[in-house]
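K.L.:
Pasting a structure here, questions to come.
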Amino acid sequence: MIFILQRPTKPITIAPDYAALCDLVAERIAALVREKPGAVLGLATGSTPLGVYDRLVSAAQDNGLDFSGVTCFNLDEYFPMSADSPHSYHHFMQQNLFRRIRCRRWFVPDGAPRSEAEVAQSCLEYEAAIREVGGIDLQLLGIGRSGHIGFNEPGSPPDSRTRLVSLHQKTREDAAASFGGLSAVPAQAVSMGIGTILEAREILLMASGAGKAEIVRAAWTGESAESLPASWVRSHPNARLYLDTAAAQAFS
Ligand code: PGA
């Protein structure tokens with residue numbers, strides 16, 4: 001059974017399990033794409049949205065959901081990281097979504113190895129590209145154990161823009177297995193800023209599993225603060241938290 005928790009401050013949708021959570025999030029994204037075929041989506045990587053992408057692929061392949069007019073901007077990319085590396089988020093998005101649907105315009109921040117000045121220039125261009133298409137209609141977010149959204153780690157200001165950032169120790173530890181060891185995980189990344197994220201017209205923050213329960217509760221109940229980047233999402237007028245029961249356990 002799906003239920004809506006009205007407290008503590010903003011409604012939270014709680015699904016019985018991960019599969020039902022992904023159904024709900026994918027249904028909201030699909031509804032937007034049907035309603036607005038030229039929609040601009042902000043997308044996330046990580047294990048949490050994988051089931052959502054599977055459902056969007058099925059909706060495209062089996063039910064004709066049309067992504068050909070949709071533009072997508074991803075939140076972040078490791079730095080330094082070539083787009084064609086199997087560790088890149090560019091590769092992740094290609095494998096898990098874009099090689100399986102017809103979407104002509106999708107962008108991931110560029111983590112190509114180069115000078116900080118060149119990275120800063122490409123960050124400005126990423127922001128300009130988002131503005132040029134009229135801004136993001138719907139931003140999908142996960143939450144890291146550090147409380148990050150995108151790679152905005154604790155200490156990121158709420159008005160931050162796309163930029164080079166340093167990764168939190170917990171974030172690097174969580175990525176270590178997929179890189180074959182902590183020392184292989186990049187120390188930096190390029191991330192959309194919190195200010196960029198908060199300009200999206202709608203935000204879906206999703207979390208699954210008991211490992212996220214405490215950080216999600218802290219983000220959704222305390223004061224918004226730089227020490228917990230996800231807490232800024234609550235201040236957004238059209239943000240919704242989507243959890244499975246394991247991730248929601250700290251609210252009860
Ligand atoms: P995860 O990552 O989905 O792999 O838990 C979430 C995040 O770091 O934002």
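If you're wondering about the labels, chains in the structure tokens are A, B, ... by order shown, residues count from 1 in each chain, ligands from 1 in order shown.
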Counting only C-alpha atoms and all ligand atoms, name the residues that have an atom within 8 Å of an atom of ligand 1; the answer should be given as an MDAnalysis selection string.
P.N.:
chainID A and resid 44:49 141:145 148:151 171 174 207:208 212
K.L.:
Go ahead and save the picked residues with N, CA and C atoms, as an mmCIF file, in the first residue's frame.
P.N.:
data_model
loop_
_atom_site.group_PDB
_atom_site.id
_atom_site.type_symbol
_atom_site.label_atom_id
_atom_site.label_comp_id
_atom_site.auth_asym_id
_atom_site.auth_seq_id
_atom_site.Cartn_x
_atom_site.Cartn_y
_atom_site.Cartn_z
ATOM 1 N N ALA A 44 19.843 11.713 -12.628
ATOM 2 C CA ALA A 44 20.830 11.350 -11.614
ATOM 3 C C ALA A 44 21.407 9.968 -11.916
ATOM 4 N N THR A 45 22.590 9.714 -11.400
ATOM 5 C CA THR A 45 23.181 8.385 -11.501
ATOM 6 C C THR A 45 23.104 7.698 -10.132
ATOM 7 N N GLY A 46 23.745 6.546 -10.005
ATOM 8 C CA GLY A 46 23.713 5.807 -8.737
ATOM 9 C C GLY A 46 22.773 4.620 -8.852
ATOM 10 N N SER A 47 22.737 3.805 -7.819
ATOM 11 C CA SER A 47 21.898 2.611 -7.871
ATOM 12 C C SER A 47 20.418 2.951 -7.714
ATOM 13 N N THR A 48 20.102 4.027 -7.010
ATOM 14 C CA THR A 48 18.699 4.337 -6.705
ATOM 15 C C THR A 48 17.829 4.531 -7.953
ATOM 16 N N PRO A 49 18.240 5.311 -8.940
ATOM 17 C CA PRO A 49 17.333 5.538 -10.077
ATOM 18 C C PRO A 49 17.323 4.429 -11.122
ATOM 19 N N LEU A 141 16.536 13.374 -8.092
ATOM 20 C CA LEU A 141 17.699 13.368 -7.201
ATOM 21 C C LEU A 141 17.741 12.092 -6.378
ATOM 22 N N GLY A 142 18.953 11.610 -6.121
ATOM 23 C CA GLY A 142 19.185 10.640 -5.055
ATOM 24 C C GLY A 142 19.779 11.418 -3.889
ATOM 25 N N ILE A 143 20.163 10.707 -2.858
ATOM 26 C CA ILE A 143 20.839 11.363 -1.728
ATOM 27 C C ILE A 143 21.993 10.448 -1.300
ATOM 28 N N GLY A 144 23.151 11.039 -1.096
ATOM 29 C CA GLY A 144 24.304 10.245 -0.667
ATOM 30 C C GLY A 144 24.328 10.109 0.850
ATOM 31 N N ARG A 145 25.134 9.186 1.344
ATOM 32 C CA ARG A 145 25.250 9.017 2.808
ATOM 33 C C ARG A 145 25.819 10.259 3.471
ATOM 34 N N HIS A 148 24.738 14.472 0.361
ATOM 35 C CA HIS A 148 24.890 15.242 -0.887
ATOM 36 C C HIS A 148 23.701 15.059 -1.822
ATOM 37 N N ILE A 149 23.505 16.048 -2.673
ATOM 38 C CA ILE A 149 22.632 15.955 -3.846
ATOM 39 C C ILE A 149 23.510 16.350 -5.021
ATOM 40 N N GLY A 150 23.435 15.593 -6.125
ATOM 41 C CA GLY A 150 24.493 15.686 -7.113
ATOM 42 C C GLY A 150 25.778 15.357 -6.355
ATOM 43 N N PHE A 151 26.854 16.062 -6.649
ATOM 44 C CA PHE A 151 28.058 15.917 -5.823
ATOM 45 C C PHE A 151 28.260 17.176 -4.983
ATOM 46 N N THR A 171 31.486 9.439 0.317
ATOM 47 C CA THR A 171 31.123 9.301 -1.096
ATOM 48 C C THR A 171 32.175 8.466 -1.815
ATOM 49 N N ASP A 174 31.874 4.834 -0.761
ATOM 50 C CA ASP A 174 30.733 4.166 -1.388
ATOM 51 C C ASP A 174 31.012 3.812 -2.844
ATOM 52 N N ALA A 207 14.836 7.910 -2.249
ATOM 53 C CA ALA A 207 15.796 7.147 -1.464
ATOM 54 C C ALA A 207 15.202 5.782 -1.145
ATOM 55 N N SER A 208 16.069 4.791 -1.111
ATOM 56 C CA SER A 208 15.648 3.413 -0.862
ATOM 57 C C SER A 208 16.593 2.765 0.140
ATOM 58 N N LYS A 212 19.726 4.692 4.113
ATOM 59 C CA LYS A 212 19.448 6.106 3.840
ATOM 60 C C LYS A 212 18.481 6.703 4.870
#
K.L.:
Please tabulate, as JSON lines, the residues of range 216-242 of chain A that come within 9 Å of range 9-27 of chain A, each with its closest pair of atoms and the distance in Å to one decimal, counting only C-alpha atoms and ordering rows by chain, then residue number upward.
P.N.:
{"residue": "A:Trp220", "atom": "CA", "partner": "A:Thr9", "partner_atom": "CA", "distance": 7.8}
{"residue": "A:Thr221", "atom": "CA", "partner": "A:Thr9", "partner_atom": "CA", "distance": 7.3}
{"residue": "A:Arg234", "atom": "CA", "partner": "A:Lys10", "partner_atom": "CA", "distance": 7.5}
{"residue": "A:Ala239", "atom": "CA", "partner": "A:Lys10", "partner_atom": "CA", "distance": 8.6}
{"residue": "A:Arg240", "atom": "CA", "partner": "A:Ile12", "partner_atom": "CA", "distance": 6.3}
{"residue": "A:Leu241", "atom": "CA", "partner": "A:Ile12", "partner_atom": "CA", "distance": 5.0}
{"residue": "A:Tyr242", "atom": "CA", "partner": "A:Thr13", "partner_atom": "CA", "distance": 4.9}
K.L.:
Skip range 103-108 of chain A itself and residues of its chain fewer than 5 positions away, then list as an NGL selection string all residues within 8 Å of it, counting only C-alpha atoms.
P.N.:
:A and (67-77 or 89-90 or 98)
K.L.:
For the structure I just gave you, how does DSSP split range 137-213 of chain A - specifically, which residues are strand (DSSP E)? Reply as a ChimeraX atom specification.
P.N.:
/A:138-141,163-166,188-191,203-207
K.L.:
Go ahead and dump the residues you just picked, N, CA and C atoms, as a PDB file, in the first residue's frame.
P.N.:
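Okay, this is what ended up in part_27.pdb:
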ATOM      1  N   LEU A 138      11.841  19.062 -14.506  1.00  0.00           N
ATOM      2  CA  LEU A 138      11.768  18.082 -13.403  1.00  0.00           C
ATOM      3  C   LEU A 138      13.167  17.551 -13.137  1.00  0.00           C
ATOM      4  N   GLN A 139      13.598  17.674 -11.896  1.00  0.00           N
ATOM      5  CA  GLN A 139      14.920  17.178 -11.497  1.00  0.00           C
ATOM      6  C   GLN A 139      14.759  15.952 -10.605  1.00  0.00           C
ATOM      7  N   LEU A 140      15.345  14.848 -11.025  1.00  0.00           N
ATOM      8  CA  LEU A 140      15.382  13.635 -10.215  1.00  0.00           C
ATOM      9  C   LEU A 140      16.660  13.647  -9.382  1.00  0.00           C
ATOM     10  N   LEU A 141      16.536  13.374  -8.092  1.00  0.00           N
ATOM     11  CA  LEU A 141      17.699  13.368  -7.201  1.00  0.00           C
ATOM     12  C   LEU A 141      17.741  12.092  -6.378  1.00  0.00           C
ATOM     13  N   ARG A 163      30.201  23.448 -10.996  1.00  0.00           N
ATOM     14  CA  ARG A 163      31.602  23.761 -10.671  1.00  0.00           C
ATOM     15  C   ARG A 163      32.374  22.492 -10.327  1.00  0.00           C
ATOM     16  N   LEU A 164      33.684  22.664 -10.173  1.00  0.00           N
ATOM     17  CA  LEU A 164      34.548  21.577  -9.724  1.00  0.00           C
ATOM     18  C   LEU A 164      34.422  21.456  -8.206  1.00  0.00           C
ATOM     19  N   VAL A 165      34.220  20.241  -7.704  1.00  0.00           N
ATOM     20  CA  VAL A 165      34.050  20.041  -6.251  1.00  0.00           C
ATOM     21  C   VAL A 165      34.967  18.916  -5.775  1.00  0.00           C
ATOM     22  N   SER A 166      35.172  18.850  -4.463  1.00  0.00           N
ATOM     23  CA  SER A 166      35.914  17.743  -3.852  1.00  0.00           C
ATOM     24  C   SER A 166      34.923  16.766  -3.253  1.00  0.00           C
ATOM     25  N   GLN A 188      37.837  14.379  -7.049  1.00  0.00           N
ATOM     26  CA  GLN A 188      37.039  15.537  -7.461  1.00  0.00           C
ATOM     27  C   GLN A 188      35.947  15.136  -8.453  1.00  0.00           C
ATOM     28  N   ALA A 189      35.058  16.076  -8.683  1.00  0.00           N
ATOM     29  CA  ALA A 189      33.969  15.867  -9.640  1.00  0.00           C
ATOM     30  C   ALA A 189      33.503  17.229 -10.142  1.00  0.00           C
ATOM     31  N   VAL A 190      32.734  17.186 -11.231  1.00  0.00           N
ATOM     32  CA  VAL A 190      32.041  18.387 -11.702  1.00  0.00           C
ATOM     33  C   VAL A 190      30.573  18.182 -11.361  1.00  0.00           C
ATOM     34  N   SER A 191      29.975  19.131 -10.662  1.00  0.00           N
ATOM     35  CA  SER A 191      28.578  18.951 -10.240  1.00  0.00           C
ATOM     36  C   SER A 191      27.758  20.208 -10.507  1.00  0.00           C
ATOM     37  N   ILE A 203      11.014  18.940  -8.196  1.00  0.00           N
ATOM     38  CA  ILE A 203      12.112  18.082  -7.750  1.00  0.00           C
ATOM     39  C   ILE A 203      11.546  16.816  -7.125  1.00  0.00           C
ATOM     40  N   LEU A 204      12.058  15.665  -7.554  1.00  0.00           N
ATOM     41  CA  LEU A 204      11.723  14.387  -6.921  1.00  0.00           C
ATOM     42  C   LEU A 204      12.997  13.877  -6.264  1.00  0.00           C
ATOM     43  N   LEU A 205      13.001  13.800  -4.951  1.00  0.00           N
ATOM     44  CA  LEU A 205      14.151  13.256  -4.218  1.00  0.00           C
ATOM     45  C   LEU A 205      13.788  11.842  -3.809  1.00  0.00           C
ATOM     46  N   MET A 206      14.530  10.857  -4.297  1.00  0.00           N
ATOM     47  CA  MET A 206      14.167   9.479  -3.969  1.00  0.00           C
ATOM     48  C   MET A 206      15.265   8.782  -3.179  1.00  0.00           C
ATOM     49  N   ALA A 207      14.836   7.910  -2.249  1.00  0.00           N
ATOM     50  CA  ALA A 207      15.796   7.147  -1.464  1.00  0.00           C
ATOM     51  C   ALA A 207      15.202   5.782  -1.145  1.00  0.00           C
TER      52      ALA A 207
END
K.L.:
From the list A:Ile215, A:Leu43, A:Leu56, A:Cys123, which residue is nearest Met93 in chain A when using only C-alpha atoms?
P.N.:
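When distances to Met93 in chain A are compared using only C-alpha atoms, the smallest one comes from A:Leu43.
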K.L.:
Could you give me, as JSON, numbers by chain, each residue of range 136-190 of chain A that DSSP assigns to alpha helix (DSSP H) when run on this structure's backbone?
P.N.:
{"A": [169, 170, 171, 172, 173, 174, 175, 176, 177, 178, 179]}
K.L.:
Got a sec: who's within 8 Å of Val33 in chain A, counting only C-alpha atoms, leaving out chain neighbours fewer than 3 positions off, as a list in words?
P.N.:
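In the requested format, the answer is Ile29, Ala30, Lys36, Pro37, Gly38, Ala39, Leu65, Asp66, Phe67 and Val70 of chain A.
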K.L.:
Just to confirm, what's the straight-line distance from CA of Ile130 in chain A to CA of Asp159 in chain A in Å (one decimal)?
P.N.:
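It comes out at 16.0 Å.
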K.L.:
Taking only C-alpha atoms into account, which of A:Arg28, A:His87, A:Arg100, A:Lys170 comes nearest Ala60 in chain A?
P.N.:
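For Ala60 in chain A, the nearest of the given residues is A:Arg100.
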